[in-house]
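Source file: data_34.pdb; contents: PDB, C-alpha atoms.
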ATOM      1  CA  MET A   1       0.000   0.000   0.000
ATOM      2  CA  VAL A   2       3.021   2.282   0.359
ATOM      3  CA  LEU A   3       3.239   2.818  -3.409
ATOM      4  CA  PHE A   4      -0.452   3.670  -3.513
ATOM      5  CA  PHE A   5      -0.103   6.470  -0.966
ATOM      6  CA  LEU A   6       3.145   7.531  -2.635
ATOM      7  CA  ILE A   7       1.276   8.089  -5.909
ATOM      8  CA  ILE A   8      -1.290  10.260  -4.136
ATOM      9  CA  GLY A   9       1.417  12.133  -2.236
ATOM     10  CA  ILE A  10       3.656  12.811  -5.234
ATOM     11  CA  THR A  11       0.728  13.845  -7.429
ATOM     12  CA  SER A  12      -0.608  16.190  -4.755
ATOM     13  CA  TYR A  13       2.822  17.710  -4.093
ATOM     14  CA  LEU A  14       3.707  18.277  -7.748
ATOM     15  CA  SER A  15       0.257  19.649  -8.554
ATOM     16  CA  ILE A  16       0.149  22.081  -5.617
ATOM     17  CA  THR A  17       3.690  23.360  -6.146
ATOM     18  CA  ALA A  18       2.985  23.950  -9.844
ATOM     19  CA  PHE A  19      -0.355  25.763  -9.490
ATOM     20  CA  ASP A  20       1.328  29.167  -9.754
ATOM     21  CA  LYS A  21       4.114  28.036 -12.101
ATOM     22  CA  LYS A  22       2.573  28.031 -15.544
ATOM     23  CA  ASN A  23       5.930  27.521 -17.266
ATOM     24  CA  THR A  24       6.494  24.340 -15.284
ATOM     25  CA  ILE A  25       3.044  23.005 -16.087
ATOM     26  CA  GLN A  26       3.519  23.720 -19.785
ATOM     27  CA  LYS A  27       6.578  21.472 -19.798
ATOM     28  CA  PHE A  28       4.597  18.459 -18.618
ATOM     29  CA  VAL A  29       1.008  18.800 -19.902
ATOM     30  CA  PHE A  30      -0.207  16.469 -22.617
ATOM     31  CA  SER A  31       0.154  18.231 -25.957
ATOM     32  CA  PRO A  32      -0.521  16.034 -29.006
ATOM     33  CA  TYR A  33       1.197  18.594 -31.228
ATOM     34  CA  GLN A  34       4.370  18.533 -29.111
ATOM     35  CA  VAL A  35       4.298  14.746 -28.972
ATOM     36  CA  LYS A  36       4.060  14.377 -32.740
ATOM     37  CA  HIS A  37       6.237  17.206 -33.994
ATOM     38  CA  TYR A  38       8.852  17.381 -31.224
ATOM     39  CA  LYS A  39       8.837  13.707 -30.140
ATOM     40  CA  GLN A  40       8.047  14.645 -26.526
ATOM     41  CA  HIS A  41       6.449  11.305 -25.752
ATOM     42  CA  TYR A  42       7.005  11.710 -22.016
ATOM     43  CA  ARG A  43       4.011  14.074 -22.017
ATOM     44  CA  MET A  44       1.726  11.073 -22.512
ATOM     45  CA  ILE A  45       2.369  10.106 -18.892
ATOM     46  CA  SER A  46       3.797  13.209 -17.174
ATOM     47  CA  HIS A  47       0.450  15.006 -17.404
ATOM     48  CA  ILE A  48      -1.130  12.705 -14.803
ATOM     49  CA  PHE A  49       0.980  14.229 -12.015
ATOM     50  CA  PHE A  50      -0.256  17.799 -12.546
ATOM     51  CA  HIS A  51      -3.683  19.408 -12.105
ATOM     52  CA  ALA A  52      -5.259  22.710 -13.023
ATOM     53  CA  ASP A  53      -6.471  23.684  -9.532
ATOM     54  CA  PHE A  54      -7.410  22.361  -6.090
ATOM     55  CA  THR A  55     -10.890  21.261  -7.191
ATOM     56  CA  HIS A  56      -9.442  19.210 -10.042
ATOM     57  CA  LEU A  57      -6.804  17.678  -7.766
ATOM     58  CA  ILE A  58      -9.098  16.930  -4.827
ATOM     59  CA  PHE A  59     -11.774  15.276  -6.968
ATOM     60  CA  ASN A  60      -9.266  12.974  -8.651
ATOM     61  CA  MET A  61      -7.359  12.098  -5.474
ATOM     62  CA  PHE A  62     -10.605  11.609  -3.527
ATOM     63  CA  SER A  63     -11.864   9.140  -6.129
ATOM     64  CA  LEU A  64      -8.482   7.440  -6.340
ATOM     65  CA  PHE A  65      -8.182   7.076  -2.566
ATOM     66  CA  PHE A  66     -11.516   5.366  -2.026
ATOM     67  CA  LEU A  67     -11.912   3.217  -5.118
ATOM     68  CA  GLY A  68      -8.191   2.649  -5.563
ATOM     69  CA  GLU A  69      -7.967   1.190  -2.084
ATOM     70  CA  VAL A  70     -10.889  -1.133  -2.832
ATOM     71  CA  LEU A  71      -9.257  -2.374  -6.025
ATOM     72  CA  ILE A  72      -5.777  -2.767  -4.538
ATOM     73  CA  LYS A  73      -7.045  -4.868  -1.631
ATOM     74  CA  SER A  74      -8.964  -7.067  -4.064
ATOM     75  CA  LEU A  75      -5.942  -7.515  -6.330
ATOM     76  CA  MET A  76      -3.702  -8.294  -3.381
ATOM     77  CA  LEU A  77      -6.178 -10.824  -2.050
ATOM     78  CA  ASP A  78      -6.224 -12.708  -5.346
ATOM     79  CA  TYR A  79      -2.621 -12.253  -6.520
ATOM     80  CA  GLY A  80      -0.622 -11.538  -3.372
ATOM     81  CA  SER A  81       0.801  -8.245  -2.148
ATOM     82  CA  ASN A  82       3.556  -7.789  -4.723
ATOM     83  CA  LEU A  83       1.802  -8.951  -7.872
ATOM     84  CA  GLY A  84      -1.431  -7.267  -6.801
ATOM     85  CA  MET A  85       0.355  -3.936  -6.464
ATOM     86  CA  ILE A  86       2.117  -4.441  -9.796
ATOM     87  CA  HIS A  87      -1.251  -4.995 -11.479
ATOM     88  CA  PHE A  88      -2.564  -1.793  -9.906
ATOM     89  CA  ILE A  89       0.458   0.297 -10.954
ATOM     90  CA  ILE A  90       0.188  -0.992 -14.527
ATOM     91  CA  LEU A  91      -3.541  -0.260 -14.565
ATOM     92  CA  TYR A  92      -3.048   3.262 -13.224
ATOM     93  CA  LEU A  93      -0.086   4.363 -15.341
ATOM     94  CA  ALA A  94      -1.106   2.609 -18.558
ATOM     95  CA  GLY A  95      -4.639   3.925 -18.067
ATOM     96  CA  GLY A  96      -3.248   7.453 -18.094
ATOM     97  CA  VAL A  97      -1.311   6.751 -21.282
ATOM     98  CA  CYS A  98      -4.254   5.100 -23.053
ATOM     99  CA  ALA A  99      -6.424   8.068 -22.094
ATOM    100  CA  THR A 100      -4.276  10.181 -24.435
ATOM    101  CA  PHE A 101      -4.846   8.067 -27.554
ATOM    102  CA  LEU A 102      -8.143   9.593 -28.705
ATOM    103  CA  PRO A 103      -7.134  13.216 -27.856
ATOM    104  CA  TYR A 104      -3.871  12.599 -29.724
ATOM    105  CA  TYR A 105      -5.679  11.341 -32.806
ATOM    106  CA  LYS A 106      -8.045  14.323 -32.794
ATOM    107  CA  ASN A 107      -5.563  17.089 -31.912
ATOM    108  CA  GLN A 108      -2.132  16.123 -33.231
ATOM    109  CA  GLU A 109      -2.162  19.096 -35.608
ATOM    110  CA  ASN A 110      -3.639  21.502 -33.072
ATOM    111  CA  PRO A 111      -0.835  23.399 -31.271
ATOM    112  CA  SER A 112      -3.310  25.123 -28.935
ATOM    113  CA  TYR A 113      -4.691  21.896 -27.426
ATOM    114  CA  SER A 114      -3.350  20.659 -24.102
ATOM    115  CA  SER A 115      -4.674  18.700 -21.147
ATOM    116  CA  LEU A 116      -3.490  17.617 -17.725
ATOM    117  CA  GLY A 117      -4.603  15.635 -14.727
ATOM    118  CA  ALA A 118      -4.982  12.054 -13.559
ATOM    119  CA  SER A 119      -8.606  11.739 -14.703
ATOM    120  CA  GLY A 120      -7.812   9.071 -17.288
ATOM    121  CA  SER A 121      -5.823   7.020 -14.777
ATOM    122  CA  VAL A 122      -8.521   7.440 -12.146
ATOM    123  CA  SER A 123     -11.189   6.388 -14.651
ATOM    124  CA  ALA A 124      -9.207   3.208 -15.295
ATOM    125  CA  VAL A 125      -9.136   2.508 -11.557
ATOM    126  CA  ILE A 126     -12.830   3.306 -11.105
ATOM    127  CA  PHE A 127     -13.908   0.964 -13.880
ATOM    128  CA  GLY A 128     -11.472  -1.691 -12.754
ATOM    129  CA  ALA A 129     -13.147  -1.543  -9.331
ATOM    130  CA  ILE A 130     -16.627  -1.533 -10.898
ATOM    131  CA  LEU A 131     -15.889  -4.671 -12.888
ATOM    132  CA  TRP A 132     -14.387  -6.358  -9.834
ATOM    133  CA  HIS A 133     -17.208  -5.333  -7.478
ATOM    134  CA  PRO A 134     -20.262  -4.585  -9.648
ATOM    135  CA  THR A 135     -22.725  -4.650  -6.740
ATOM    136  CA  MET A 136     -20.896  -2.198  -4.478
ATOM    137  CA  GLN A 137     -22.698   1.061  -3.780
ATOM    138  CA  LEU A 138     -21.177   4.224  -5.201
ATOM    139  CA  GLY A 139     -22.123   7.591  -3.775
ATOM    140  CA  LEU A 140     -20.403  10.249  -5.833
ATOM    141  CA  LEU A 141     -20.806  14.004  -5.874
ATOM    142  CA  PHE A 142     -23.194  14.272  -8.815
ATOM    143  CA  PHE A 143     -25.537  11.580  -7.493
ATOM    144  CA  PRO A 144     -27.745  12.455  -4.495
ATOM    145  CA  PHE A 145     -27.843   8.824  -3.303
ATOM    146  CA  PRO A 146     -25.680   5.676  -3.670
ATOM    147  CA  ILE A 147     -26.334   3.424  -6.652
ATOM    148  CA  PRO A 148     -24.928   0.003  -7.606
ATOM    149  CA  ALA A 149     -21.647   0.142  -9.480
ATOM    150  CA  TYR A 150     -23.037  -1.872 -12.412
ATOM    151  CA  ILE A 151     -25.599   0.906 -12.970
ATOM    152  CA  PHE A 152     -23.203   3.768 -12.337
ATOM    153  CA  GLY A 153     -20.661   2.501 -14.892
ATOM    154  CA  PRO A 154     -22.905   2.563 -17.981
ATOM    155  CA  LEU A 155     -24.469   5.867 -16.885
ATOM    156  CA  PHE A 156     -21.030   7.420 -16.506
ATOM    157  CA  LEU A 157     -19.897   6.254 -19.935
ATOM    158  CA  ALA A 158     -23.142   7.467 -21.532
ATOM    159  CA  PHE A 159     -22.742  10.874 -19.900
ATOM    160  CA  GLU A 160     -19.122  11.172 -21.044
ATOM    161  CA  TYR A 161     -20.046  10.117 -24.583
ATOM    162  CA  PHE A 162     -22.816  12.691 -24.982
ATOM    163  CA  ALA A 163     -20.687  15.388 -23.344
ATOM    164  CA  LEU A 164     -17.928  14.549 -25.825
ATOM    165  CA  ARG A 165     -20.370  14.807 -28.722
ATOM    166  CA  LYS A 166     -21.434  18.272 -27.580
ATOM    167  CA  GLY A 167     -17.804  19.324 -27.413
ATOM    168  CA  ARG A 168     -18.282  22.004 -24.805
ATOM    169  CA  GLY A 169     -16.238  22.940 -21.776
ATOM    170  CA  ASN A 170     -12.645  22.248 -20.794
ATOM    171  CA  ILE A 171     -13.150  18.706 -19.530
ATOM    172  CA  ALA A 172     -11.338  15.950 -21.441
ATOM    173  CA  HIS A 173     -14.279  13.579 -21.782
ATOM    174  CA  ASP A 174     -12.423  11.540 -24.407
ATOM    175  CA  ALA A 175      -9.637  10.912 -21.879
ATOM    176  CA  HIS A 176     -12.175   9.730 -19.307
ATOM    177  CA  ILE A 177     -13.627   7.276 -21.827
ATOM    178  CA  GLY A 178     -10.202   6.054 -22.914
ATOM    179  CA  GLY A 179      -9.096   5.452 -19.333
ATOM    180  CA  ALA A 180     -12.351   3.703 -18.448
ATOM    181  CA  LEU A 181     -12.140   1.364 -21.436
ATOM    182  CA  PHE A 182      -8.560   0.472 -20.601
ATOM    183  CA  GLY A 183      -9.545  -0.287 -17.003
ATOM    184  CA  ILE A 184     -12.250  -2.653 -18.230
ATOM    185  CA  LEU A 185      -9.982  -4.374 -20.752
ATOM    186  CA  TYR A 186      -7.145  -4.827 -18.276
ATOM    187  CA  ILE A 187      -9.359  -6.506 -15.701
ATOM    188  CA  LEU A 188     -10.847  -8.732 -18.404
ATOM    189  CA  LEU A 189      -7.305  -9.666 -19.442
ATOM    190  CA  ILE A 190      -6.134 -10.720 -15.988
ATOM    191  CA  ALA A 191      -9.477 -11.964 -14.643
ATOM    192  CA  PRO A 192     -11.933 -12.740 -17.485
ATOM    193  CA  GLU A 193     -14.334 -14.353 -15.017
ATOM    194  CA  LYS A 194     -15.106 -10.871 -13.674
ATOM    195  CA  GLY A 195     -16.668  -9.980 -17.017
ATOM    196  CA  ILE A 196     -18.841 -13.076 -16.931
ATOM    197  CA  LYS A 197     -20.034 -12.311 -13.410
ATOM    198  CA  PHE A 198     -20.754  -8.698 -14.411
ATOM    199  CA  LEU A 199     -22.958  -9.847 -17.288
ATOM    200  CA  GLU A 200     -24.710 -12.347 -15.058
ATOM    201  CA  ILE A 201     -25.635  -9.598 -12.603
ATOM    202  CA  ILE A 202     -27.043  -7.421 -15.373
ATOM    203  CA  TYR A 203     -29.046 -10.098 -17.195
ATOM    204  CA  LEU A 204     -30.145 -12.347 -14.322
TER     205      LEU A 204
END
Rewrite the structure of this file - the entire thing - as structure tokens.
Amino acid sequence: MVLFFLIIGITSYLSITAFDKKNTIQKFVFSPYQVKHYKQHYRMISHIFFHADFTHLIFNMFSLFFLGEVLIKSLMLDYGSNLGMIHFIILYLAGGVCATFLPYYKNQENPSYSSLGASGSVSAVIFGAILWHPTMQLGLLFFPFPIPAYIFGPLFLAFEYFALRKGRGNIAHDAHIGGALFGILYILLIAPEKGIKFLEIIYL
């Protein structure tokens, strides 16, 4: 669990110290144009350690703390402490990278586009936890009461999809979707039985 809290601590520290240092943030944000034309591939993962403001940071770290802990304990229970943590780290970091694929495809010739934050990584964790524990109750900020995870997941993806279609605001909905899909696929890869159980809950 030390690595888990280290991720939260490092992300919080780097984000807070960079809030008033725009030049620093610009060096690490995800910029498809910079990735393609200047080969700055590190931006595909460095962006997850920086956030725009306290609200952005707190929401992501709050979600990561609660659902990340649930997923880590489950992974450790099934795979042991070391391998369970390795699975979580891969899920989190690779989720952040995969969250950049769609924005990269859409904005690689747009020098004004940039994004930052761990939302894609957190989405991967959230959907990994949902697939692992589909009947757990989720009470998040935009829902007035807890709902089962297997209902929350599809609703979340539907909301992100329609918000992406509208194309309004500064929220990277495509990154949320990309991270979520990676989280689902990774869990299906290492534990395909979780997908079967998820479908059984929905259709039975």
Do a neighbour search on Lys73 of chain A at 9 Å with only C-alpha atoms, toss out local chain neighbours closer than 4 positions, and write the hits as a PDB file with C-alpha atoms, keeping the file's coordinate frame.
ATOM      1  CA  MET A   1       0.000   0.000   0.000  1.00  0.00           C
ATOM      2  CA  GLY A  68      -8.191   2.649  -5.563  1.00  0.00           C
ATOM      3  CA  GLU A  69      -7.967   1.190  -2.084  1.00  0.00           C
ATOM      4  CA  LEU A  77      -6.178 -10.824  -2.050  1.00  0.00           C
ATOM      5  CA  ASP A  78      -6.224 -12.708  -5.346  1.00  0.00           C
ATOM      6  CA  SER A  81       0.801  -8.245  -2.148  1.00  0.00           C
ATOM      7  CA  GLY A  84      -1.431  -7.267  -6.801  1.00  0.00           C
ATOM      8  CA  MET A  85       0.355  -3.936  -6.464  1.00  0.00           C
TER       9      MET A  85
END
Of the candidates A:Ser31, A:Ser115, A:Thr11, A:Ser123, which shows the shortest atom-to-atom distance to Ser63 of chain A, using all atoms listed in the file?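 Checking each of A:Ser31, A:Ser115, A:Thr11, A:Ser123 against Ser63 of chain A, counting all atoms listed in the file, the winner is A:Ser123.
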Restricting the calculation to only C-alpha atoms, which member of A:Leu67, A:Ile177, A:Ile190, A:Val29 is positioned closest to Ile130 of chain A?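 Nearest candidate to Ile130 of chain A out of A:Leu67, A:Ile177, A:Ile190, A:Val29: A:Leu67.
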Atom-to-atom span, atom CA of Gly178 of chain A and atom CA of Ala124 of chain A, Å: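 Separation between atom CA of Gly178 of chain A and atom CA of Ala124 of chain A: 8.2 Å.
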From the options A:Asn107, A:Tyr150, A:Ala18, A:Leu6, which residue's atoms come nearest to Tyr203 of chain A, counting all atoms listed in the file?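 Smallest separation from Tyr203 of chain A among the options: A:Tyr150.
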Separation of atom CA of Glu109 of chain A and atom CA of Tyr92 of chain A, in Å?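 Result for atom CA of Glu109 of chain A versus atom CA of Tyr92 of chain A: 27.4 Å, one decimal.
Straight-line separation from atom CA of Gly139 of chain A to atom CA of Ile151 of chain A: 11.9 Å.
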Residues within 12 Å of segment 20-22 of chain A, all atoms listed in the file, excluding chain neighbours under 6 positions, as a PyMOL selection string: chain A and resi 14+28-29+50-54
What residues have an atom no more than 8 Å from (-0.2, 24.5, -27.9) in the file's own frame, counting all atoms listed in the file, and can you write them as a list in words?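 The residues that fall inside the cut-off are Ser31, Tyr33, Gln34, Asn110, Pro111, Ser112, Tyr113 and Ser114 of chain A.
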Which is closest to Gly183 of chain A among A:Ile58, A:Ala129, A:Leu138, A:Ala158, if we use all atoms listed in the file? A:Ala129
Can you pull out every residue within 12 Å of Pro146 of chain A, counting only C-alpha atoms, but drop anything in the same chain fewer than 6 positions away, and send it as a ChimeraX atom specification? /A:135-140,152
Distance criterion (all atoms listed in the file): nearest to Ile8 of chain A out of A:Val35, A:Tyr42, A:Tyr104, A:Ala118: A:Ala118
Which of A:His37, A:His56, A:Lys106, A:Lys197 sits closest to Asn170 of chain A [using only C-alpha atoms]: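 Among the listed residues, A:His56 lies closest to Asn170 of chain A.
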For the structure provided, state which residues fall under the PyMOL selection byres ((chain A and resi 184) around 8), and present them as a PDB file with C-alpha atoms, in the coordinates of the input.
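Result saved to selection-v3.pdb:
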ATOM      1  CA  ALA A 124      -9.207   3.208 -15.295  1.00  0.00           C
ATOM      2  CA  PHE A 127     -13.908   0.964 -13.880  1.00  0.00           C
ATOM      3  CA  GLY A 128     -11.472  -1.691 -12.754  1.00  0.00           C
ATOM      4  CA  LEU A 131     -15.889  -4.671 -12.888  1.00  0.00           C
ATOM      5  CA  ALA A 180     -12.351   3.703 -18.448  1.00  0.00           C
ATOM      6  CA  LEU A 181     -12.140   1.364 -21.436  1.00  0.00           C
ATOM      7  CA  PHE A 182      -8.560   0.472 -20.601  1.00  0.00           C
ATOM      8  CA  GLY A 183      -9.545  -0.287 -17.003  1.00  0.00           C
ATOM      9  CA  LEU A 185      -9.982  -4.374 -20.752  1.00  0.00           C
ATOM     10  CA  TYR A 186      -7.145  -4.827 -18.276  1.00  0.00           C
ATOM     11  CA  ILE A 187      -9.359  -6.506 -15.701  1.00  0.00           C
ATOM     12  CA  LEU A 188     -10.847  -8.732 -18.404  1.00  0.00           C
TER      13      LEU A 188
END
Contacts of Gly96 of chain A at 8 Å or less, counting only C-alpha atoms, minus same-chain residues fewer than 2 places along, as JSON, numbers by chain? {"A": [44, 45, 48, 92, 93, 94, 98, 99, 100, 118, 119, 120, 121, 122, 124, 179]}
Could you write out the selected residues, including C-alpha atoms, as a CSV table (one decimal), in the coordinates of the input?
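Wrote it out as result-v3.csv, contents follow:
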chain,number,residue,atom,x,y,z
A,44,MET,CA,1.7,11.1,-22.5
A,45,ILE,CA,2.4,10.1,-18.9
A,48,ILE,CA,-1.1,12.7,-14.8
A,92,TYR,CA,-3.0,3.3,-13.2
A,93,LEU,CA,-0.1,4.4,-15.3
A,94,ALA,CA,-1.1,2.6,-18.6
A,98,CYS,CA,-4.3,5.1,-23.1
A,99,ALA,CA,-6.4,8.1,-22.1
A,100,THR,CA,-4.3,10.2,-24.4
A,118,ALA,CA,-5.0,12.1,-13.6
A,119,SER,CA,-8.6,11.7,-14.7
A,120,GLY,CA,-7.8,9.1,-17.3
A,121,SER,CA,-5.8,7.0,-14.8
A,122,VAL,CA,-8.5,7.4,-12.1
A,124,ALA,CA,-9.2,3.2,-15.3
A,179,GLY,CA,-9.1,5.5,-19.3
Got a moment to write segment 102-122 of chain A out with N, CA and C atoms, as a PDB file, in the first residue's frame?
ATOM      1  N   LEU A 102      -7.108   8.909 -27.927  1.00  0.00           N
ATOM      2  CA  LEU A 102      -8.143   9.593 -28.705  1.00  0.00           C
ATOM      3  C   LEU A 102      -7.865  11.097 -28.818  1.00  0.00           C
ATOM      4  N   PRO A 103      -7.496  11.790 -27.723  1.00  0.00           N
ATOM      5  CA  PRO A 103      -7.134  13.216 -27.856  1.00  0.00           C
ATOM      6  C   PRO A 103      -5.962  13.422 -28.814  1.00  0.00           C
ATOM      7  N   TYR A 104      -5.013  12.487 -28.804  1.00  0.00           N
ATOM      8  CA  TYR A 104      -3.871  12.599 -29.724  1.00  0.00           C
ATOM      9  C   TYR A 104      -4.337  12.506 -31.170  1.00  0.00           C
ATOM     10  N   TYR A 105      -5.176  11.532 -31.446  1.00  0.00           N
ATOM     11  CA  TYR A 105      -5.679  11.341 -32.806  1.00  0.00           C
ATOM     12  C   TYR A 105      -6.435  12.576 -33.295  1.00  0.00           C
ATOM     13  N   LYS A 106      -7.206  13.191 -32.414  1.00  0.00           N
ATOM     14  CA  LYS A 106      -8.045  14.323 -32.794  1.00  0.00           C
ATOM     15  C   LYS A 106      -7.279  15.638 -32.856  1.00  0.00           C
ATOM     16  N   ASN A 107      -6.187  15.769 -32.091  1.00  0.00           N
ATOM     17  CA  ASN A 107      -5.563  17.089 -31.912  1.00  0.00           C
ATOM     18  C   ASN A 107      -4.076  17.140 -32.241  1.00  0.00           C
ATOM     19  N   GLN A 108      -3.570  16.153 -32.971  1.00  0.00           N
ATOM     20  CA  GLN A 108      -2.132  16.123 -33.231  1.00  0.00           C
ATOM     21  C   GLN A 108      -1.641  17.283 -34.099  1.00  0.00           C
ATOM     22  N   GLU A 109      -2.551  17.933 -34.812  1.00  0.00           N
ATOM     23  CA  GLU A 109      -2.162  19.096 -35.608  1.00  0.00           C
ATOM     24  C   GLU A 109      -2.681  20.391 -35.003  1.00  0.00           C
ATOM     25  N   ASN A 110      -3.095  20.329 -33.761  1.00  0.00           N
ATOM     26  CA  ASN A 110      -3.639  21.502 -33.072  1.00  0.00           C
ATOM     27  C   ASN A 110      -2.672  21.962 -31.984  1.00  0.00           C
ATOM     28  N   PRO A 111      -1.841  22.969 -32.252  1.00  0.00           N
ATOM     29  CA  PRO A 111      -0.835  23.399 -31.271  1.00  0.00           C
ATOM     30  C   PRO A 111      -1.423  24.063 -30.033  1.00  0.00           C
ATOM     31  N   SER A 112      -2.696  24.447 -30.077  1.00  0.00           N
ATOM     32  CA  SER A 112      -3.310  25.123 -28.935  1.00  0.00           C
ATOM     33  C   SER A 112      -3.951  24.156 -27.945  1.00  0.00           C
ATOM     34  N   TYR A 113      -4.051  22.868 -28.321  1.00  0.00           N
ATOM     35  CA  TYR A 113      -4.691  21.896 -27.426  1.00  0.00           C
ATOM     36  C   TYR A 113      -3.699  21.363 -26.400  1.00  0.00           C
ATOM     37  N   SER A 114      -4.140  21.300 -25.152  1.00  0.00           N
ATOM     38  CA  SER A 114      -3.350  20.659 -24.102  1.00  0.00           C
ATOM     39  C   SER A 114      -4.298  20.191 -23.004  1.00  0.00           C
ATOM     40  N   SER A 115      -3.870  19.194 -22.258  1.00  0.00           N
ATOM     41  CA  SER A 115      -4.674  18.700 -21.147  1.00  0.00           C
ATOM     42  C   SER A 115      -3.746  18.191 -20.053  1.00  0.00           C
ATOM     43  N   LEU A 116      -4.279  18.105 -18.848  1.00  0.00           N
ATOM     44  CA  LEU A 116      -3.490  17.617 -17.725  1.00  0.00           C
ATOM     45  C   LEU A 116      -4.411  17.012 -16.685  1.00  0.00           C
ATOM     46  N   GLY A 117      -3.818  16.237 -15.791  1.00  0.00           N
ATOM     47  CA  GLY A 117      -4.603  15.635 -14.727  1.00  0.00           C
ATOM     48  C   GLY A 117      -4.625  14.119 -14.798  1.00  0.00           C
ATOM     49  N   ALA A 118      -4.966  13.515 -13.676  1.00  0.00           N
ATOM     50  CA  ALA A 118      -4.982  12.054 -13.559  1.00  0.00           C
ATOM     51  C   ALA A 118      -6.348  11.455 -13.857  1.00  0.00           C
ATOM     52  N   SER A 119      -7.236  12.213 -14.479  1.00  0.00           N
ATOM     53  CA  SER A 119      -8.606  11.739 -14.703  1.00  0.00           C
ATOM     54  C   SER A 119      -8.659  10.435 -15.484  1.00  0.00           C
ATOM     55  N   GLY A 120      -7.819  10.291 -16.508  1.00  0.00           N
ATOM     56  CA  GLY A 120      -7.812   9.071 -17.288  1.00  0.00           C
ATOM     57  C   GLY A 120      -7.368   7.880 -16.455  1.00  0.00           C
ATOM     58  N   SER A 121      -6.314   8.078 -15.661  1.00  0.00           N
ATOM     59  CA  SER A 121      -5.823   7.020 -14.777  1.00  0.00           C
ATOM     60  C   SER A 121      -6.873   6.657 -13.732  1.00  0.00           C
ATOM     61  N   VAL A 122      -7.499   7.665 -13.165  1.00  0.00           N
ATOM     62  CA  VAL A 122      -8.521   7.440 -12.146  1.00  0.00           C
ATOM     63  C   VAL A 122      -9.725   6.726 -12.752  1.00  0.00           C
TER      64      VAL A 122
END
